[in-house]
file query_18.tsv (TSV, C-alpha atoms and all ligand atoms)
chain	number	residue	atom	x	y	z
M	1	MET	CA	11.51	18.20	12.97
M	2	ILE	CA	13.59	19.09	16.03
M	3	LYS	CA	15.18	16.06	17.69
M	4	LYS	CA	13.96	15.40	21.22
M	5	ASP	CA	14.09	12.56	23.71
M	6	LYS	CA	10.30	12.46	23.86
M	7	TYR	CA	7.56	13.92	21.72
M	8	THR	CA	4.09	15.26	22.37
M	9	VAL	CA	1.89	13.09	20.16
M	10	ALA	CA	-1.76	13.69	19.32
M	11	VAL	CA	-4.20	11.12	17.95
M	12	VAL	CA	-7.12	12.85	16.24
M	13	GLY	CA	-10.00	10.38	15.96
M	14	ALA	CA	-8.58	8.37	18.87
M	15	THR	CA	-11.85	6.58	19.62
M	16	GLY	CA	-12.26	5.18	16.10
M	17	ALA	CA	-11.29	1.81	14.64
M	18	VAL	CA	-7.97	3.22	13.37
M	19	GLY	CA	-7.37	5.63	16.28
M	20	LYS	CA	-7.64	2.90	18.92
M	21	GLU	CA	-5.15	0.84	16.95
M	22	MET	CA	-2.82	3.89	16.78
M	23	VAL	CA	-2.76	4.12	20.58
M	24	LYS	CA	-2.05	0.37	20.80
M	25	VAL	CA	0.74	0.51	18.23
M	26	LEU	CA	2.39	3.56	19.89
M	27	GLU	CA	2.45	1.54	23.11
M	28	GLU	CA	3.65	-1.73	21.57
M	29	ARG	CA	6.48	-0.11	19.62
M	30	ARG	CA	7.51	2.01	22.62
M	31	PHE	CA	7.34	5.18	20.55
M	32	PRO	CA	9.06	7.94	22.58
M	33	VAL	CA	5.85	9.67	23.67
M	34	GLY	CA	6.33	12.37	26.32
M	35	LYS	CA	2.71	13.42	26.38
M	36	LEU	CA	-0.18	11.73	24.59
M	37	ARG	CA	-3.24	13.78	23.66
M	38	LEU	CA	-6.39	12.14	22.38
M	39	PHE	CA	-9.05	13.97	20.38
M	40	ALA	CA	-12.53	13.08	19.16
M	41	SER	CA	-15.94	14.71	18.69
M	42	LYS	CA	-18.32	15.71	21.46
M	43	ARG	CA	-19.76	12.19	21.29
M	44	SER	CA	-16.64	10.80	23.00
M	45	ALA	CA	-14.96	13.82	24.64
M	46	GLY	CA	-14.55	13.15	28.37
M	47	GLU	CA	-14.25	9.37	27.98
M	48	THR	CA	-10.99	7.76	29.04
M	49	MET	CA	-8.67	5.46	27.11
M	50	SER	CA	-5.79	3.48	28.53
M	51	TYR	CA	-2.20	4.04	27.34
M	52	MET	CA	0.81	2.48	29.10
M	53	GLY	CA	-1.45	1.45	31.97
M	54	GLU	CA	-2.74	4.96	32.58
M	55	ASP	CA	-6.09	6.55	31.81
M	56	HIS	CA	-6.04	9.41	29.32
M	57	THR	CA	-9.07	11.66	28.87
M	58	VAL	CA	-10.34	12.18	25.33
M	59	GLU	CA	-10.48	15.89	24.51
M	60	LEU	CA	-12.86	17.70	22.18
M	61	LEU	CA	-11.17	18.57	18.88
M	62	GLN	CA	-11.17	22.36	18.43
M	63	ASP	CA	-9.25	24.95	16.42
M	64	ASP	CA	-6.80	25.97	19.14
M	65	VAL	CA	-5.74	22.61	20.57
M	66	PHE	CA	-2.52	22.01	18.60
M	67	GLU	CA	-0.12	24.27	20.53
M	68	GLY	CA	2.92	22.26	21.66
M	69	ILE	CA	2.08	19.12	19.67
M	70	ASP	CA	5.06	17.64	17.77
M	71	ILE	CA	3.35	14.84	15.84
M	72	ALA	CA	-0.37	14.67	15.03
M	73	LEU	CA	-1.76	11.36	13.79
M	74	PHE	CA	-5.09	12.07	12.06
M	75	SER	CA	-7.74	9.38	11.55
M	76	ALA	CA	-11.07	11.16	11.89
M	77	GLY	CA	-12.11	11.22	8.24
M	78	GLU	CA	-11.46	13.42	5.24
M	79	LYS	CA	-13.57	16.39	6.39
M	80	ILE	CA	-11.80	16.67	9.74
M	81	SER	CA	-8.40	16.34	8.06
M	82	LEU	CA	-9.23	19.08	5.53
M	83	ALA	CA	-10.41	21.39	8.30
M	84	PHE	CA	-7.79	20.70	10.99
M	85	ALA	CA	-4.59	19.23	9.51
M	86	PRO	CA	-3.40	22.57	8.02
M	87	LYS	CA	-4.04	24.20	11.42
M	88	ALA	CA	-2.01	21.54	13.21
M	89	ALA	CA	0.83	21.95	10.70
M	90	LYS	CA	0.73	25.73	11.12
M	91	SER	CA	1.10	25.30	14.89
M	92	GLY	CA	4.34	23.40	14.24
M	93	ALA	CA	3.16	19.80	14.35
M	94	VAL	CA	4.04	17.31	11.66
M	95	VAL	CA	0.74	15.76	10.59
M	96	ILE	CA	0.55	12.15	9.46
M	97	ASP	CA	-2.87	11.94	7.86
M	98	ASN	CA	-4.79	8.72	7.30
M	99	SER	CA	-7.52	10.20	5.13
M	100	SER	CA	-7.52	10.61	1.36
M	101	ALA	CA	-7.63	14.43	1.69
M	102	PHE	CA	-4.00	15.23	0.83
M	103	ARG	CA	-2.60	12.05	-0.71
M	104	MET	CA	-2.39	13.30	-4.28
M	105	VAL	CA	-1.23	16.85	-3.41
M	106	ASP	CA	2.22	17.47	-4.95
M	107	ASP	CA	3.87	18.85	-1.82
M	108	VAL	CA	2.58	16.02	0.36
M	109	PRO	CA	4.70	12.86	0.55
M	110	LEU	CA	2.68	9.64	0.29
M	111	VAL	CA	4.74	7.10	2.15
M	112	VAL	CA	5.08	3.37	2.66
M	113	PRO	CA	8.31	2.92	4.64
M	114	GLU	CA	9.31	-0.33	2.88
M	115	VAL	CA	8.89	1.37	-0.53
M	116	ASN	CA	9.70	5.11	-0.48
M	117	PRO	CA	11.05	6.06	2.98
M	118	ASP	CA	13.08	8.96	1.56
M	119	ALA	CA	9.90	10.85	0.65
M	120	VAL	CA	9.36	11.56	4.37
M	121	GLY	CA	12.22	14.09	4.31
M	122	ARG	CA	10.44	16.21	1.69
M	123	HIS	CA	7.40	17.03	3.84
M	124	LYS	CA	6.13	20.58	4.43
M	125	GLY	CA	4.09	19.79	7.54
M	126	ILE	CA	1.76	17.10	6.22
M	127	ILE	CA	2.60	13.51	5.27
M	128	ALA	CA	-0.12	11.27	3.88
M	129	ASN	CA	-0.64	7.64	4.81
M	130	PRO	CA	-1.86	5.79	1.72
M	131	ASN	CA	-5.09	3.87	1.31
M	132	CYS	CA	-5.06	0.52	3.10
M	133	SER	CA	-5.49	-1.60	-0.05
M	134	THR	CA	-2.71	0.29	-1.80
M	135	ILE	CA	-0.26	-0.07	1.11
M	136	GLN	CA	-0.36	-3.85	1.26
M	137	MET	CA	-0.22	-4.21	-2.52
M	138	VAL	CA	2.88	-2.01	-2.98
M	139	VAL	CA	4.74	-3.67	-0.10
M	140	ALA	CA	4.36	-6.97	-1.96
M	141	LEU	CA	4.99	-5.61	-5.46
M	142	LYS	CA	7.92	-3.19	-4.99
M	143	PRO	CA	10.55	-5.97	-4.69
M	144	LEU	CA	9.19	-7.61	-7.86
M	145	HIS	CA	9.14	-4.25	-9.66
M	146	ASP	CA	12.79	-3.66	-8.69
M	147	LYS	CA	13.70	-7.03	-10.19
M	148	ALA	CA	11.62	-7.20	-13.36
M	149	ILE	CA	9.74	-3.88	-13.92
M	150	ILE	CA	5.98	-4.22	-13.57
M	151	LYS	CA	4.15	-3.01	-16.69
M	152	ARG	CA	0.59	-3.65	-15.55
M	153	ILE	CA	-1.32	-4.63	-12.40
M	154	VAL	CA	-4.84	-6.11	-12.36
M	155	VAL	CA	-6.17	-6.33	-8.82
M	156	THR	CA	-9.39	-7.42	-7.15
M	157	THR	CA	-9.77	-6.73	-3.44
M	158	PHE	CA	-11.82	-8.44	-0.73
M	159	GLN	CA	-12.04	-5.73	1.92
M	160	ALA	CA	-13.04	-6.02	5.57
M	161	VAL	CA	-15.81	-3.89	7.05
M	162	SER	CA	-13.41	-2.33	9.60
M	163	GLY	CA	-12.02	-0.24	6.71
M	164	LYS	CA	-15.24	1.73	6.96
M	165	GLY	CA	-14.98	2.26	10.72
M	166	LYS	CA	-16.55	1.15	13.96
M	167	GLU	CA	-20.19	1.68	12.86
M	168	ALA	CA	-19.63	-0.60	9.88
M	169	MET	CA	-18.26	-3.32	12.18
M	170	ASP	CA	-21.34	-2.97	14.40
M	171	GLU	CA	-23.60	-3.21	11.35
M	172	LEU	CA	-22.09	-6.55	10.26
M	173	PHE	CA	-22.53	-7.86	13.81
M	174	GLU	CA	-26.14	-6.67	14.16
M	175	GLN	CA	-27.15	-7.93	10.70
M	176	THR	CA	-25.59	-11.34	11.33
M	177	LYS	CA	-27.35	-11.63	14.69
M	178	ALA	CA	-30.68	-10.55	13.16
M	179	ILE	CA	-30.48	-13.03	10.30
M	180	MET	CA	-29.48	-15.93	12.55
M	181	THR	CA	-32.53	-15.21	14.72
M	182	PHE	CA	-34.94	-14.86	11.76
M	183	GLN	CA	-35.26	-11.08	12.06
M	184	ASP	CA	-34.97	-8.41	9.38
M	185	PRO	CA	-31.45	-6.98	9.10
M	186	VAL	CA	-31.18	-3.18	9.37
M	187	VAL	CA	-29.22	-1.57	6.52
M	188	GLU	CA	-27.72	1.84	7.39
M	189	VAL	CA	-23.94	2.06	6.87
M	190	PHE	CA	-23.57	0.00	3.66
M	191	PRO	CA	-25.83	0.46	0.61
M	192	TYR	CA	-27.06	-3.15	0.92
M	193	GLN	CA	-26.97	-5.92	3.51
M	194	ILE	CA	-23.30	-6.84	4.07
M	195	ALA	CA	-23.84	-9.95	6.22
M	196	PHE	CA	-23.65	-13.10	4.02
M	197	ASN	CA	-23.10	-10.88	0.98
M	198	CYS	CA	-20.42	-9.04	-0.99
M	199	LEU	CA	-20.65	-5.56	-2.51
M	200	PRO	CA	-18.56	-4.31	-5.46
M	201	HIS	CA	-18.77	-0.82	-4.02
M	202	ILE	CA	-16.24	0.91	-1.73
M	203	ASP	CA	-16.33	4.70	-1.34
M	204	VAL	CA	-18.31	6.64	-3.98
M	205	PHE	CA	-18.82	5.99	-7.71
M	206	LEU	CA	-17.05	8.34	-10.15
M	207	ASP	CA	-17.99	9.41	-13.67
M	208	ASN	CA	-15.72	6.78	-15.26
M	209	GLY	CA	-17.74	3.96	-13.67
M	210	TYR	CA	-15.02	3.09	-11.16
M	211	THR	CA	-15.28	3.71	-7.43
M	212	LYS	CA	-13.05	6.25	-5.74
M	213	GLU	CA	-11.43	3.36	-3.84
M	214	GLU	CA	-10.48	1.74	-7.17
M	215	MET	CA	-8.97	4.96	-8.52
M	216	LYS	CA	-7.01	5.51	-5.28
M	217	MET	CA	-5.26	2.22	-6.03
M	218	VAL	CA	-4.37	3.48	-9.52
M	219	TYR	CA	-3.03	6.93	-8.60
M	220	GLU	CA	-1.50	6.14	-5.21
M	221	THR	CA	0.42	3.11	-6.52
M	222	ARG	CA	2.11	5.26	-9.18
M	223	LYS	CA	2.97	8.01	-6.68
M	224	ILE	CA	4.43	5.64	-4.06
M	225	MET	CA	6.37	3.55	-6.60
M	226	GLU	CA	7.51	6.82	-8.24
M	227	ASP	CA	6.66	5.40	-11.67
M	228	ASP	CA	3.84	6.90	-13.73
M	229	THR	CA	4.14	4.25	-16.44
M	230	ILE	CA	2.66	1.40	-14.38
M	231	GLY	CA	-0.82	0.47	-15.59
M	232	VAL	CA	-3.19	-0.34	-12.74
M	233	THR	CA	-6.80	-1.47	-12.93
M	234	ALA	CA	-8.81	-2.42	-9.86
M	235	THR	CA	-12.10	-3.88	-8.68
M	236	THR	CA	-12.67	-3.30	-4.97
M	237	VAL	CA	-15.19	-5.47	-3.15
M	238	ARG	CA	-16.52	-5.33	0.41
M	239	VAL	CA	-16.87	-8.74	2.06
M	240	PRO	CA	-18.34	-9.73	5.44
M	241	VAL	CA	-14.96	-9.99	7.18
M	242	TYR	CA	-14.19	-7.88	10.27
M	243	ILE	CA	-10.44	-7.34	9.92
M	244	GLY	CA	-8.01	-8.05	7.07
M	245	HIS	CA	-8.06	-7.07	3.42
M	246	SER	CA	-7.26	-9.75	0.82
M	247	GLU	CA	-6.22	-9.09	-2.76
M	248	ALA	CA	-5.96	-11.21	-5.89
M	249	VAL	CA	-3.14	-9.50	-7.76
M	250	ASN	CA	-2.07	-10.20	-11.36
M	251	ILE	CA	1.06	-8.55	-12.71
M	252	GLU	CA	2.73	-8.41	-16.11
M	253	THR	CA	6.46	-7.71	-16.03
M	254	GLU	CA	9.07	-6.69	-18.61
M	255	GLU	CA	11.43	-9.49	-17.58
M	256	LYS	CA	10.44	-13.05	-16.73
M	257	ILE	CA	10.27	-14.01	-13.04
M	258	THR	CA	9.37	-17.59	-12.19
M	259	ALA	CA	7.10	-18.38	-9.27
M	260	ASN	CA	10.10	-19.80	-7.38
M	261	GLU	CA	12.14	-16.66	-8.00
M	262	ALA	CA	9.22	-14.49	-6.86
M	263	ARG	CA	8.88	-16.51	-3.64
M	264	ALA	CA	12.62	-16.15	-3.01
M	265	ILE	CA	12.57	-12.38	-3.64
M	266	LEU	CA	9.53	-11.91	-1.42
M	267	SER	CA	10.99	-14.09	1.35
M	268	ASN	CA	13.84	-11.55	1.66
M	269	ALA	CA	11.67	-8.45	1.24
M	270	PRO	CA	11.12	-6.08	4.17
M	271	GLY	CA	7.68	-6.34	5.76
M	272	VAL	CA	6.64	-9.37	3.71
M	273	ILE	CA	5.99	-12.93	4.88
M	274	VAL	CA	5.59	-15.66	2.29
M	275	PHE	CA	3.03	-18.20	3.38
M	276	ASP	CA	2.76	-20.43	0.37
M	277	ASP	CA	2.48	-24.21	0.35
M	278	PRO	CA	-0.88	-24.94	-1.23
M	279	LYS	CA	-0.56	-28.75	-1.10
M	280	LYS	CA	-0.42	-28.39	2.69
M	281	ASN	CA	-3.30	-25.84	2.61
M	282	ILE	CA	-0.86	-23.07	3.49
M	283	TYR	CA	-1.90	-19.64	2.27
M	284	PRO	CA	-2.74	-16.43	4.17
M	285	VAL	CA	-6.30	-15.68	5.30
M	286	PRO	CA	-7.66	-12.57	7.06
M	287	ILE	CA	-8.40	-14.29	10.37
M	288	ALA	CA	-4.81	-15.52	10.66
M	289	VAL	CA	-3.29	-12.19	9.66
M	290	SER	CA	-5.44	-10.01	11.93
M	291	GLY	CA	-3.21	-8.41	14.57
M	292	LYS	CA	-0.02	-8.76	12.48
M	293	ASP	CA	2.06	-5.94	11.04
M	294	GLU	CA	3.45	-7.69	7.97
M	295	VAL	CA	1.98	-8.24	4.52
M	296	TYR	CA	1.39	-11.93	3.83
M	297	VAL	CA	1.75	-13.40	0.33
M	298	GLY	CA	0.66	-16.81	-0.92
M	299	ARG	CA	-0.69	-18.58	-4.02
M	300	VAL	CA	2.27	-17.36	-6.09
M	301	ARG	CA	1.75	-18.72	-9.60
M	302	GLU	CA	2.97	-17.98	-13.10
M	303	ASP	CA	0.22	-16.53	-15.30
M	304	GLU	CA	0.23	-19.08	-18.10
M	305	SER	CA	-1.87	-16.85	-20.38
M	306	ILE	CA	1.00	-14.40	-21.02
M	307	GLN	CA	4.79	-14.46	-21.44
M	308	ASN	CA	5.81	-12.70	-18.22
M	309	GLY	CA	3.06	-12.74	-15.64
M	310	LEU	CA	2.40	-13.72	-12.05
M	311	ASN	CA	-0.61	-14.17	-9.80
M	312	LEU	CA	-0.39	-13.54	-6.07
M	313	TRP	CA	-2.74	-13.54	-3.07
M	314	VAL	CA	-1.89	-10.70	-0.68
M	315	VAL	CA	-3.42	-10.34	2.81
M	316	ALA	CA	-2.78	-7.79	5.59
M	317	ASP	CA	-4.44	-6.29	8.66
M	318	ASN	CA	-6.05	-3.12	7.26
M	319	LEU	CA	-6.15	-1.38	10.65
M	320	ARG	CA	-2.44	-2.10	11.33
M	321	LYS	CA	-0.22	-2.14	8.22
M	322	GLY	CA	-3.12	-0.59	6.27
M	323	ALA	CA	-3.38	2.35	8.70
M	324	ALA	CA	-1.93	2.61	12.23
M	325	THR	CA	1.33	0.68	11.89
M	326	ASN	CA	2.23	2.35	8.60
M	327	ALA	CA	1.54	5.81	10.11
M	328	ILE	CA	3.70	5.10	13.16
M	329	GLN	CA	6.50	3.67	11.00
M	330	ILE	CA	6.44	7.03	9.18
M	331	ALA	CA	6.68	8.80	12.56
M	332	GLU	CA	9.67	6.59	13.42
M	333	ILE	CA	11.47	7.72	10.25
M	334	LEU	CA	10.60	11.32	11.08
M	335	ILE	CA	12.35	11.21	14.47
M	336	LYS	CA	15.34	9.14	13.34
M	401	LIG	P1	-14.33	5.43	12.77
M	401	LIG	O1	-14.15	4.15	13.46
M	401	LIG	O2	-15.69	5.82	12.32
M	401	LIG	O3	-13.73	6.58	13.71
M	401	LIG	C1	-13.84	7.92	13.42
M	401	LIG	C2	-13.09	8.73	14.45
M	401	LIG	O4	-13.14	10.10	14.10
M	401	LIG	C3	-13.66	8.61	15.85
M	401	LIG	O5	-12.64	8.73	16.80
M	401	LIG	C4	-14.58	9.82	15.89
M	401	LIG	O6	-14.82	10.29	17.21
M	401	LIG	C5	-13.73	10.82	15.16
M	401	LIG	N1	-14.53	11.93	14.67
M	401	LIG	C6	-15.60	11.89	13.85
M	401	LIG	N2	-16.12	13.11	13.68
M	401	LIG	C7	-15.37	13.95	14.40
M	401	LIG	C8	-15.40	15.35	14.66
M	401	LIG	N3	-16.34	16.13	14.13
M	401	LIG	N4	-14.46	15.89	15.45
M	401	LIG	C9	-13.52	15.11	16.02
M	401	LIG	N5	-13.44	13.78	15.84
M	401	LIG	C10	-14.34	13.21	15.04
M	401	LIG	O7	-13.45	5.52	11.48
M	401	LIG	P2	-12.02	4.85	11.15
M	401	LIG	O8	-12.21	3.59	10.44
M	401	LIG	O9	-11.18	4.86	12.37
M	401	LIG	O10	-11.45	5.82	10.04
M	401	LIG	C11	-11.09	7.15	10.29
M	401	LIG	C12	-10.27	7.72	9.13
M	401	LIG	O11	-9.18	6.89	8.78
M	401	LIG	C13	-10.97	7.98	7.82
M	401	LIG	O12	-10.39	9.14	7.26
M	401	LIG	C14	-10.62	6.85	6.91
M	401	LIG	O13	-10.67	7.24	5.56
M	401	LIG	C15	-9.24	6.63	7.38
M	401	LIG	N6	-8.84	5.28	7.15
M	401	LIG	C16	-7.73	5.11	6.45
M	401	LIG	C17	-7.30	3.89	6.18
M	401	LIG	C18	-6.17	3.74	5.29
M	401	LIG	O14	-6.40	3.27	4.24
M	401	LIG	N7	-4.99	4.14	5.64
M	401	LIG	C19	-7.96	2.76	6.66
M	401	LIG	C20	-9.11	2.95	7.40
M	401	LIG	C21	-9.54	4.25	7.62
M	401	LIG	P3	-16.18	9.96	18.04
M	401	LIG	O15	-15.88	8.78	18.90
M	401	LIG	O16	-16.36	11.19	18.86
M	401	LIG	O17	-17.27	9.73	17.07
M	402	LIG	N1	-13.72	4.36	1.94
M	402	LIG	O1	-8.38	5.83	3.48
M	402	LIG	O2	-14.46	2.27	3.33
M	402	LIG	O3	-9.23	6.37	1.58
M	402	LIG	O4	-12.90	0.79	3.55
M	402	LIG	C1	-10.06	3.69	3.56
M	402	LIG	C2	-11.03	2.75	3.73
M	402	LIG	C3	-11.53	5.06	2.34
M	402	LIG	C4	-9.25	5.75	2.63
M	402	LIG	C5	-13.27	1.95	3.38
M	402	LIG	C6	-12.52	4.12	2.49
M	402	LIG	C7	-10.32	4.82	2.85
M	402	LIG	C8	-12.25	2.98	3.19

call {"tool": "encode", "arguments": {"input": "query_18.tsv", "output": "structure tokens"}}
result
Amino acid sequence: MIKKDKYTVAVVGATGAVGKEMVKVLEERRFPVGKLRLFASKRSAGETMSYMGEDHTVELLQDDVFEGIDIALFSAGEKISLAFAPKAAKSGAVVIDNSSAFRMVDDVPLVVPEVNPDAVGRHKGIIANPNCSTIQMVVALKPLHDKAIIKRIVVTTFQAVSGKGKEAMDELFEQTKAIMTFQDPVVEVFPYQIAFNCLPHIDVFLDNGYTKEEMKMVYETRKIMEDDTIGVTATTVRVPVYIGHSEAVNIETEEKITANEARAILSNAPGVIVFDDPKKNIYPVPIAVSGKDEVYVGRVREDESIQNGLNLWVVADNLRKGAATNAIQIAEILIK
């Protein structure tokens, strides 16, 4: 990447739940944007979005639009990434892709800046942003892994509807409104009613009985932590929360770490905030963490059923650290 004072930055999928957050985070962090270009489908092309107090017109995404773009932030889904990210890279842009399309490709770095920042330097035009649930888990676990070597992770997630995009957020709203006014909820985006419910089903089911979301947590964790020996098993659950993924994480380590030691390590870890005083009802919850960029950890306890084990409760804003903030932190490393 050639060093410049300012960069031409594209957001592909700018009108989506993640894309809108990307534009906000670029503005908040004062990323050195010379020109901002926003892309979406024909549904939104022509609309305007505000950036730094100025209106920007959303353009239709087409094959030949990438000329002159330095950094392309993709969040328009796997199909769009597969079709357009290689074209953007070929035109000279560095792509930071939010979809799962390229995450497990060998030549594509999969980066969480607090965990494996050096991987950014090995890119060949595309860098992948990990899955939201994986990002927040590895930010919390890497410092513990460095101290005591994690052998195995058992995780259950409680994932917000915003992870599935703007239509999913609308569906939770409409279903809630319908039910509270004694009408029949319409089910379109999720396989069952999501309002007042929870669904052990995120992304598609695979032949091994797990969902693709669960297997992303297995494979992506090993790639980011650069350790193929870590055992990971996951259950991913959709809950009727708008923003903020929560995770109940159990780890088994080679060396003993006490709960107090873990809290001390995590208190000094980059990107982590320990929020843990249960007797005072202090623990992180999605509503409190929405809008924040850090990963919040509470309920740190020793797992008394094994020799060296810990339980933790990990919460983060899935649209920020789980997507937009992490992608823009990668861009910041790229231009450093
Ligand atoms: P969303 O709210 O549904 O937004 C989708 C965006 O893509 C919209 O801007 C939409 O534009 C655009 N788009 C759809 N089809 C298009 C097309 N044919 N051409 C151009 N643009 C098109 O979804 P989202 O939640 O923001 O998620 C988008 C992507 O981010 C997905 O790949 C998802 O897997 C990924 N994601 C990643 C994480 C993570 O874990 N890091 C978290 C959440 C989402 P219109 O306004 O024109 O429809
Ligand atoms: N199915 O980036 O539905 O792989 O919450 C992120 C979120 C896939 C991804 C979701 C998903 C991804 C979801």

call {"tool": "residues_around", "arguments": {"input": "query_18.tsv", "residues": "range 224-232 of chain M", "least_positions_apart": "5", "cutoff": "8 Å", "atoms": "only C-alpha atoms", "output": "list of chain:residue names"}}
result
M:Leu110, M:Val111, M:Val112, M:Val115, M:Asn116, M:Val138, M:Lys142, M:Ile150, M:Lys151, M:Arg152, M:Ile153, M:Val154, M:Val155, M:Met217, M:Val218

call {"tool": "residues_near_point", "arguments": {"input": "query_18.tsv", "point": "(-5.0, 10.6, 32.9)", "cutoff": "12 Å", "atoms": "all atoms listed in the file", "output": "PyMOL selection string"}}
result
chain M and resi 35-38+46-59

call {"tool": "atom_distance", "arguments": {"input": "query_18.tsv", "atom1": "CA of Ala72 in chain M", "atom2": "atom C20 of ligand LIG 401 (chain M)"}}
result
16.5 Å

call {"tool": "atom_distance", "arguments": {"input": "query_18.tsv", "atom1": "CA of Asn318 in chain M", "atom2": "CA of Ala248 in chain M"}}
result
15.4 Å

call {"tool": "closest_residue", "arguments": {"input": "query_18.tsv", "among": "M:Ala88, M:Ile135, M:Val300, M:Ala83", "to": "Ala10 in chain M", "atoms": "all atoms listed in the file"}}
result
M:Ala88

call {"tool": "axis_aligned_box", "arguments": {"input": "query_18.tsv", "around": "ligand LIG 401 (chain M)", "padding_each_side": "8 Å", "output": "AutoDock Vina command-line options"}}
result
--center_x -11.1 --center_y 9.4 --center_z 11.6 --size_x 28.3 --size_y 29.4 --size_z 30.7
